[in-house]
>>> print(open('final.cif').read())   # mmCIF, C-alpha atoms
data_work
loop_
_atom_site.group_PDB
_atom_site.id
_atom_site.type_symbol
_atom_site.label_atom_id
_atom_site.label_comp_id
_atom_site.auth_asym_id
_atom_site.auth_seq_id
_atom_site.Cartn_x
_atom_site.Cartn_y
_atom_site.Cartn_z
ATOM 1 C CA MET N 1191 2.228 57.098 0.880
ATOM 2 C CA LEU N 1192 -0.951 55.055 0.530
ATOM 3 C CA ASN N 1193 -1.468 56.290 -3.043
ATOM 4 C CA ARG N 1194 2.088 55.348 -3.937
ATOM 5 C CA SER N 1195 1.529 51.825 -2.561
ATOM 6 C CA VAL N 1196 -1.748 51.448 -4.454
ATOM 7 C CA ASN N 1197 -0.158 52.721 -7.672
ATOM 8 C CA ARG N 1198 2.699 50.262 -7.247
ATOM 9 C CA ARG N 1199 0.241 47.361 -6.871
ATOM 10 C CA VAL N 1200 -1.758 48.508 -9.901
ATOM 11 C CA PHE N 1201 1.417 48.805 -11.976
ATOM 12 C CA THR N 1202 2.623 45.369 -10.824
ATOM 13 C CA GLY N 1203 -0.749 43.832 -11.613
ATOM 14 C CA ALA N 1204 -0.766 45.397 -15.090
ATOM 15 C CA LEU N 1205 2.788 44.152 -15.694
ATOM 16 C CA VAL N 1206 1.850 40.613 -14.689
ATOM 17 C CA ALA N 1207 -1.258 40.730 -16.916
ATOM 18 C CA ALA N 1208 0.807 42.000 -19.837
ATOM 19 C CA THR N 1209 3.365 39.230 -19.296
ATOM 20 C CA VAL N 1210 0.618 36.600 -19.228
ATOM 21 C CA MET N 1211 -0.827 38.007 -22.473
ATOM 22 C CA GLN N 1212 2.624 37.973 -24.078
ATOM 23 C CA HIS N 1213 3.067 34.314 -23.156
ATOM 24 C CA ALA N 1214 -0.420 33.515 -24.463
ATOM 25 C CA ARG N 1215 0.344 35.226 -27.761
ATOM 26 C CA ALA N 1216 3.713 33.486 -27.996
ATOM 27 C CA ALA N 1217 2.003 30.115 -27.595
ATOM 28 C CA THR N 1218 -0.442 30.762 -30.449
ATOM 29 C CA ALA N 1219 0.268 28.830 -33.632
ATOM 30 C CA ALA N 1220 2.058 30.650 -36.453
ATOM 31 C CA VAL N 1221 3.236 29.326 -39.806
ATOM 32 C CA GLY N 1222 7.006 28.891 -39.758
ATOM 33 C CA GLN N 1223 7.074 28.388 -35.985
ATOM 34 C CA ALA N 1224 6.866 25.280 -33.813
ATOM 35 C CA ALA N 1225 3.315 23.893 -33.743
ATOM 36 C CA PRO N 1226 1.980 24.211 -30.179
ATOM 37 C CA GLU N 1227 1.840 20.969 -28.224
ATOM 38 C CA PHE N 1228 -1.551 19.663 -27.125
ATOM 39 C CA SER N 1229 -3.050 16.622 -25.479
ATOM 40 C CA THR N 1230 -6.651 15.425 -25.706
ATOM 41 C CA VAL N 1231 -8.732 12.282 -26.106
ATOM 42 C CA ASP N 1232 -10.292 10.824 -29.204
ATOM 43 C CA THR N 1233 -13.882 9.611 -29.542
ATOM 44 C CA ALA N 1234 -12.851 6.269 -27.996
ATOM 45 C CA GLY N 1235 -11.198 7.922 -24.979
ATOM 46 C CA LYS N 1236 -7.591 7.331 -26.066
ATOM 47 C CA THR N 1237 -5.158 10.184 -25.334
ATOM 48 C CA HIS N 1238 -3.260 11.777 -28.229
ATOM 49 C CA ARG N 1239 -0.426 14.290 -28.020
ATOM 50 C CA LEU N 1240 0.904 16.138 -31.039
ATOM 51 C CA SER N 1241 4.425 15.157 -29.962
ATOM 52 C CA ASP N 1242 3.433 11.479 -30.323
ATOM 53 C CA TYR N 1243 3.699 12.020 -34.079
ATOM 54 C CA LYS N 1244 7.103 13.729 -34.278
ATOM 55 C CA GLY N 1245 8.829 12.476 -37.430
ATOM 56 C CA LYS N 1246 5.597 12.362 -39.468
ATOM 57 C CA LEU N 1247 3.604 14.891 -41.426
ATOM 58 C CA VAL N 1248 0.436 15.715 -39.493
ATOM 59 C CA VAL N 1249 -2.806 17.255 -40.755
ATOM 60 C CA LEU N 1250 -5.093 18.993 -38.267
ATOM 61 C CA GLU N 1251 -8.633 19.319 -39.617
ATOM 62 C CA TRP N 1252 -11.216 21.284 -37.636
ATOM 63 C CA THR N 1253 -14.638 19.782 -38.203
ATOM 64 C CA ASN N 1254 -18.312 20.067 -37.224
ATOM 65 C CA PRO N 1255 -20.815 17.707 -38.914
ATOM 66 C CA GLY N 1256 -23.595 20.304 -38.536
ATOM 67 C CA CYS N 1257 -21.779 22.776 -40.793
ATOM 68 C CA PRO N 1258 -22.821 22.941 -44.494
ATOM 69 C CA PHE N 1259 -19.203 23.581 -45.521
ATOM 70 C CA VAL N 1260 -18.090 20.417 -43.715
ATOM 71 C CA GLN N 1261 -20.963 18.514 -45.321
ATOM 72 C CA LYS N 1262 -19.805 19.810 -48.710
ATOM 73 C CA HIS N 1263 -16.337 18.356 -48.281
ATOM 74 C CA TYR N 1264 -17.591 15.152 -46.657
ATOM 75 C CA SER N 1265 -19.501 14.422 -49.857
ATOM 76 C CA GLY N 1266 -16.301 12.546 -50.733
ATOM 77 C CA ASN N 1267 -13.559 15.155 -50.990
ATOM 78 C CA MET N 1268 -12.326 15.041 -47.376
ATOM 79 C CA GLN N 1269 -12.455 11.252 -47.213
ATOM 80 C CA SER N 1270 -10.500 11.037 -50.464
ATOM 81 C CA LEU N 1271 -7.781 13.279 -49.061
ATOM 82 C CA GLN N 1272 -7.655 11.299 -45.825
ATOM 83 C CA LYS N 1273 -7.355 7.949 -47.578
ATOM 84 C CA GLU N 1274 -4.764 9.188 -50.070
ATOM 85 C CA PHE N 1275 -2.400 10.728 -47.557
ATOM 86 C CA VAL N 1276 -2.889 8.439 -44.567
ATOM 87 C CA GLY N 1277 -1.965 5.731 -47.075
ATOM 88 C CA LYS N 1278 1.302 7.621 -47.634
ATOM 89 C CA GLY N 1279 2.138 7.750 -43.931
ATOM 90 C CA VAL N 1280 0.570 11.107 -43.030
ATOM 91 C CA VAL N 1281 -1.191 11.333 -39.648
ATOM 92 C CA TRP N 1282 -4.627 12.933 -40.008
ATOM 93 C CA LEU N 1283 -6.277 14.298 -36.873
ATOM 94 C CA SER N 1284 -9.846 15.575 -37.167
ATOM 95 C CA ILE N 1285 -10.656 17.912 -34.257
ATOM 96 C CA ASN N 1286 -14.085 19.016 -33.048
ATOM 97 C CA SER N 1287 -14.036 22.137 -30.840
ATOM 98 C CA THR N 1288 -17.827 22.560 -30.697
ATOM 99 C CA GLU N 1289 -18.911 23.313 -27.134
ATOM 100 C CA ALA N 1290 -21.208 20.838 -25.389
ATOM 101 C CA ASP N 1291 -24.091 23.351 -25.090
ATOM 102 C CA SER N 1292 -24.229 24.015 -28.835
ATOM 103 C CA GLY N 1293 -27.010 22.549 -30.936
ATOM 104 C CA ASP N 1294 -24.277 21.256 -33.279
ATOM 105 C CA TYR N 1295 -22.487 19.325 -30.534
ATOM 106 C CA LEU N 1296 -22.146 15.570 -30.981
ATOM 107 C CA ALA N 1297 -21.067 13.391 -28.069
ATOM 108 C CA PRO N 1298 -18.014 11.212 -28.818
ATOM 109 C CA GLY N 1299 -20.025 8.124 -29.767
ATOM 110 C CA LYS N 1300 -22.319 10.075 -32.099
ATOM 111 C CA LEU N 1301 -19.402 11.909 -33.690
ATOM 112 C CA ALA N 1302 -17.621 8.594 -34.272
ATOM 113 C CA GLY N 1303 -20.856 7.223 -35.739
ATOM 114 C CA TRP N 1304 -21.164 10.149 -38.137
ATOM 115 C CA MET N 1305 -17.556 9.760 -39.257
ATOM 116 C CA GLY N 1306 -18.126 6.037 -39.738
ATOM 117 C CA SER N 1307 -21.258 6.644 -41.791
ATOM 118 C CA LYS N 1308 -19.215 8.914 -44.067
ATOM 119 C CA GLN N 1309 -16.431 6.308 -44.344
ATOM 120 C CA ALA N 1310 -13.918 8.858 -43.074
ATOM 121 C CA ALA N 1311 -10.310 7.698 -42.897
ATOM 122 C CA ALA N 1312 -8.795 10.090 -40.353
ATOM 123 C CA SER N 1313 -6.129 8.582 -38.089
ATOM 124 C CA ALA N 1314 -8.164 9.805 -35.091
ATOM 125 C CA VAL N 1315 -11.120 12.060 -34.304
ATOM 126 C CA LEU N 1316 -10.284 14.276 -31.330
ATOM 127 C CA MET N 1317 -12.603 15.960 -28.825
ATOM 128 C CA ASP N 1318 -11.958 19.591 -27.803
ATOM 129 C CA GLU N 1319 -15.184 20.702 -26.109
ATOM 130 C CA SER N 1320 -13.221 23.219 -24.010
ATOM 131 C CA GLY N 1321 -11.993 24.887 -27.203
ATOM 132 C CA ASN N 1322 -8.470 25.111 -25.794
ATOM 133 C CA ILE N 1323 -6.781 23.472 -28.773
ATOM 134 C CA GLY N 1324 -8.809 25.394 -31.323
ATOM 135 C CA GLN N 1325 -8.015 28.706 -29.681
ATOM 136 C CA LEU N 1326 -4.355 27.757 -29.313
ATOM 137 C CA TYR N 1327 -4.196 27.270 -33.080
ATOM 138 C CA GLY N 1328 -6.421 30.226 -33.899
ATOM 139 C CA ALA N 1329 -8.913 27.947 -35.661
ATOM 140 C CA LYS N 1330 -11.858 30.068 -36.796
ATOM 141 C CA THR N 1331 -13.923 27.949 -39.150
ATOM 142 C CA THR N 1332 -14.971 24.434 -40.030
ATOM 143 C CA PRO N 1333 -13.138 23.257 -41.927
ATOM 144 C CA HIS N 1334 -9.866 24.983 -40.936
ATOM 145 C CA MET N 1335 -6.783 23.075 -42.035
ATOM 146 C CA TYR N 1336 -3.213 22.896 -40.745
ATOM 147 C CA ILE N 1337 -0.136 20.909 -41.743
ATOM 148 C CA VAL N 1338 2.675 20.173 -39.285
ATOM 149 C CA SER N 1339 6.069 19.061 -40.586
ATOM 150 C CA PRO N 1340 7.907 15.957 -39.315
ATOM 151 C CA GLN N 1341 10.132 18.373 -37.359
ATOM 152 C CA GLY N 1342 7.079 19.768 -35.550
ATOM 153 C CA GLN N 1343 6.881 23.067 -37.443
ATOM 154 C CA LEU N 1344 3.584 24.512 -38.656
ATOM 155 C CA VAL N 1345 3.977 24.710 -42.428
ATOM 156 C CA TYR N 1346 0.411 25.386 -43.616
ATOM 157 C CA ALA N 1347 -2.665 27.082 -42.164
ATOM 158 C CA GLY N 1348 -5.867 28.035 -43.929
ATOM 159 C CA ALA N 1349 -8.567 26.798 -46.260
ATOM 160 C CA ILE N 1350 -8.965 23.352 -47.710
ATOM 161 C CA ASP N 1351 -9.283 24.845 -51.205
ATOM 162 C CA SER N 1352 -9.601 28.022 -53.238
ATOM 163 C CA ILE N 1353 -13.381 28.362 -53.674
ATOM 164 C CA PRO N 1354 -15.118 29.547 -50.459
ATOM 165 C CA SER N 1355 -18.570 28.108 -51.059
ATOM 166 C CA ALA N 1356 -20.818 25.356 -49.705
ATOM 167 C CA ARG N 1357 -21.503 24.049 -53.234
ATOM 168 C CA VAL N 1358 -20.288 20.511 -53.896
ATOM 169 C CA ASN N 1359 -19.900 21.270 -57.604
ATOM 170 C CA ASP N 1360 -17.150 23.793 -56.841
ATOM 171 C CA ILE N 1361 -14.829 21.104 -55.483
ATOM 172 C CA LYS N 1362 -13.771 19.871 -58.903
ATOM 173 C CA THR N 1363 -12.665 23.296 -60.165
ATOM 174 C CA ALA N 1364 -10.985 24.501 -56.972
ATOM 175 C CA THR N 1365 -7.282 24.318 -56.189
ATOM 176 C CA ASN N 1366 -6.994 21.954 -53.234
ATOM 177 C CA TYR N 1367 -4.407 23.644 -51.018
ATOM 178 C CA VAL N 1368 -4.116 20.682 -48.662
ATOM 179 C CA ARG N 1369 -3.431 18.148 -51.422
ATOM 180 C CA GLN N 1370 -0.991 20.577 -53.028
ATOM 181 C CA GLY N 1371 0.821 21.276 -49.753
ATOM 182 C CA LEU N 1372 1.059 17.647 -48.688
ATOM 183 C CA SER N 1373 2.288 16.583 -52.121
ATOM 184 C CA GLU N 1374 4.994 19.251 -52.021
ATOM 185 C CA ALA N 1375 6.018 18.339 -48.490
ATOM 186 C CA LEU N 1376 6.190 14.628 -49.277
ATOM 187 C CA GLY N 1377 8.314 15.502 -52.297
ATOM 188 C CA GLY N 1378 10.801 17.349 -50.099
ATOM 189 C CA LYS N 1379 9.707 20.790 -51.329
ATOM 190 C CA ALA N 1380 8.647 23.897 -49.428
ATOM 191 C CA ILE N 1381 4.887 24.452 -49.450
ATOM 192 C CA SER N 1382 4.217 27.114 -52.092
ATOM 193 C CA MET N 1383 0.978 28.388 -50.497
ATOM 194 C CA ALA N 1384 1.798 28.243 -46.784
ATOM 195 C CA SER N 1385 -1.048 30.473 -45.624
ATOM 196 C CA THR N 1386 -4.532 31.074 -47.034
ATOM 197 C CA ARG N 1387 -7.818 32.474 -45.718
ATOM 198 C CA ALA N 1388 -9.939 29.746 -44.152
ATOM 199 C CA TYR N 1389 -13.656 29.676 -44.902
ATOM 200 C CA GLY N 1390 -16.660 27.853 -43.469
ATOM 201 C CA CYS N 1391 -18.881 28.002 -40.384
ATOM 202 C CA SER N 1392 -17.603 29.805 -37.315
ATOM 203 C CA ILE N 1393 -16.494 27.418 -34.581
ATOM 204 C CA LYS N 1394 -18.983 27.225 -31.704
ATOM 205 C CA TYR N 1395 -16.512 27.872 -28.900
ATOM 206 C CA LYS N 1396 -17.359 27.677 -25.209
ATOM 207 C CA ALA N 1397 -18.131 31.177 -23.920
#
>>> encode(input="final.cif", output="structure tokens")
Amino acid sequence: MLNRSVNRRVFTGALVAATVMQHARAATAAVGQAAPEFSTVDTAGKTHRLSDYKGKLVVLEWTNPGCPFVQKHYSGNMQSLQKEFVGKGVVWLSINSTEADSGDYLAPGKLAGWMGSKQAAASAVLMDESGNIGQLYGAKTTPHMYIVSPQGQLVYAGAIDSIPSARVNDIKTATNYVRQGLSEALGGKAISMASTRAYGCSIKYKA
């Protein structure tokens, strides 16, 4: 009788754990599905929610100034994209999921200072030290890029461009997937390359 009771509790516990895992997987971002909602603060302490930008195209850019691949694209390429498309009404959210104990971590003021020194033109720079947003979206590298449609659907996930290197000279010969996708979306077309393999430095998530 005791064994049956123990077995029942073990089974129930396993069922609950499996259900929790199913819900966790269901909440993970997937191209063609609704982009998961999130809420966090920017480097100035202002709260941003993805749903605040319903009705606009939104770019999510995972960043880490200590990463050579980020430095490559902040030689001018990323800023150029930001300025071009923010100027066309796109909301650009740069997100840093580096944990506070990492050597690459920059406190909000220092991160804002670095972005300012690079003349970045993101709509906001968001803090995600917990890594919750990054893990929700399955962000693996810096940079890792996402595009969310005005209807709130994830329509692109992957690399910024087609040449996975840290060499600045490769930017000019690469296909820029983000520029291509945003241009297609703004033109009322489906994004032709909706998913690509992201490259860069691994995100320093909180253990």
>>> closest_residue(input="final.cif", among="N:Trp1304, N:Tyr1327, N:Phe1259, N:Tyr1264", to="Arg1357 of chain N", atoms="only C-alpha atoms")
N:Phe1259
>>> residues_around(input="final.cif", residues="segment 1225-1229 of chain N", least_positions_apart="5", cutoff="10 Å", atoms="all atoms listed in the file", output="list of chain:residue names")
N:Ala1216, N:Ala1217, N:Thr1218, N:Ala1219, N:Ala1220, N:Thr1237, N:His1238, N:Arg1239, N:Leu1240, N:Ser1241, N:Asp1242, N:Leu1316, N:Asp1318, N:Asn1322, N:Ile1323, N:Leu1326, N:Tyr1327, N:Tyr1336, N:Ile1337, N:Val1338, N:Ser1339, N:Gln1341, N:Gly1342, N:Gln1343, N:Leu1344, N:Val1345
>>> residues_around(input="final.cif", residues="segment 1358-1367 of chain N", least_positions_apart="2", cutoff="12 Å", atoms="only C-alpha atoms", output="PyMOL selection string")
chain N and resi 1258-1268+1270-1271+1334-1337+1346-1356+1369-1375+1381-1388
>>> closest_residue(input="final.cif", among="N:Val1249, N:Cys1391, N:Lys1236, N:Pro1255", to="Ser1307 of chain N", atoms="only C-alpha atoms")
N:Pro1255
>>> resolve_selection(input="final.cif", expression="the PyMOL selection byres ((chain N and resi 1278) around 12)", output="PyMOL selection string")
chain N and resi 1246-1248+1271-1277+1279-1282+1372-1373+1375-1377
>>> atom_distance(input="final.cif", atom1="atom CA of Ile1393 of chain N", atom2="atom CA of Glu1319 of chain N")
10.9 Å
>>> atom_distance(input="final.cif", atom1="atom CA of Thr1230 of chain N", atom2="atom CA of Ser1313 of chain N")
14.2 Å
>>> resolve_selection(input="final.cif", expression="the PyMOL selection byres ((chain N and resi 1232) around 6)", output="ChimeraX atom specification")
/N:1231,1233-1236,1315-1317
>>> write_last_selection(input="final.cif", atoms="C-alpha atoms", output="CSV table (one decimal), in the coordinates of the input")
chain,number,residue,atom,x,y,z
N,1231,VAL,CA,-8.7,12.3,-26.1
N,1233,THR,CA,-13.9,9.6,-29.5
N,1234,ALA,CA,-12.9,6.3,-28.0
N,1235,GLY,CA,-11.2,7.9,-25.0
N,1236,LYS,CA,-7.6,7.3,-26.1
N,1315,VAL,CA,-11.1,12.1,-34.3
N,1316,LEU,CA,-10.3,14.3,-31.3
N,1317,MET,CA,-12.6,16.0,-28.8
>>> atom_distance(input="final.cif", atom1="atom CA of Gly1324 of chain N", atom2="atom CA of Ser1287 of chain N")
6.2 Å
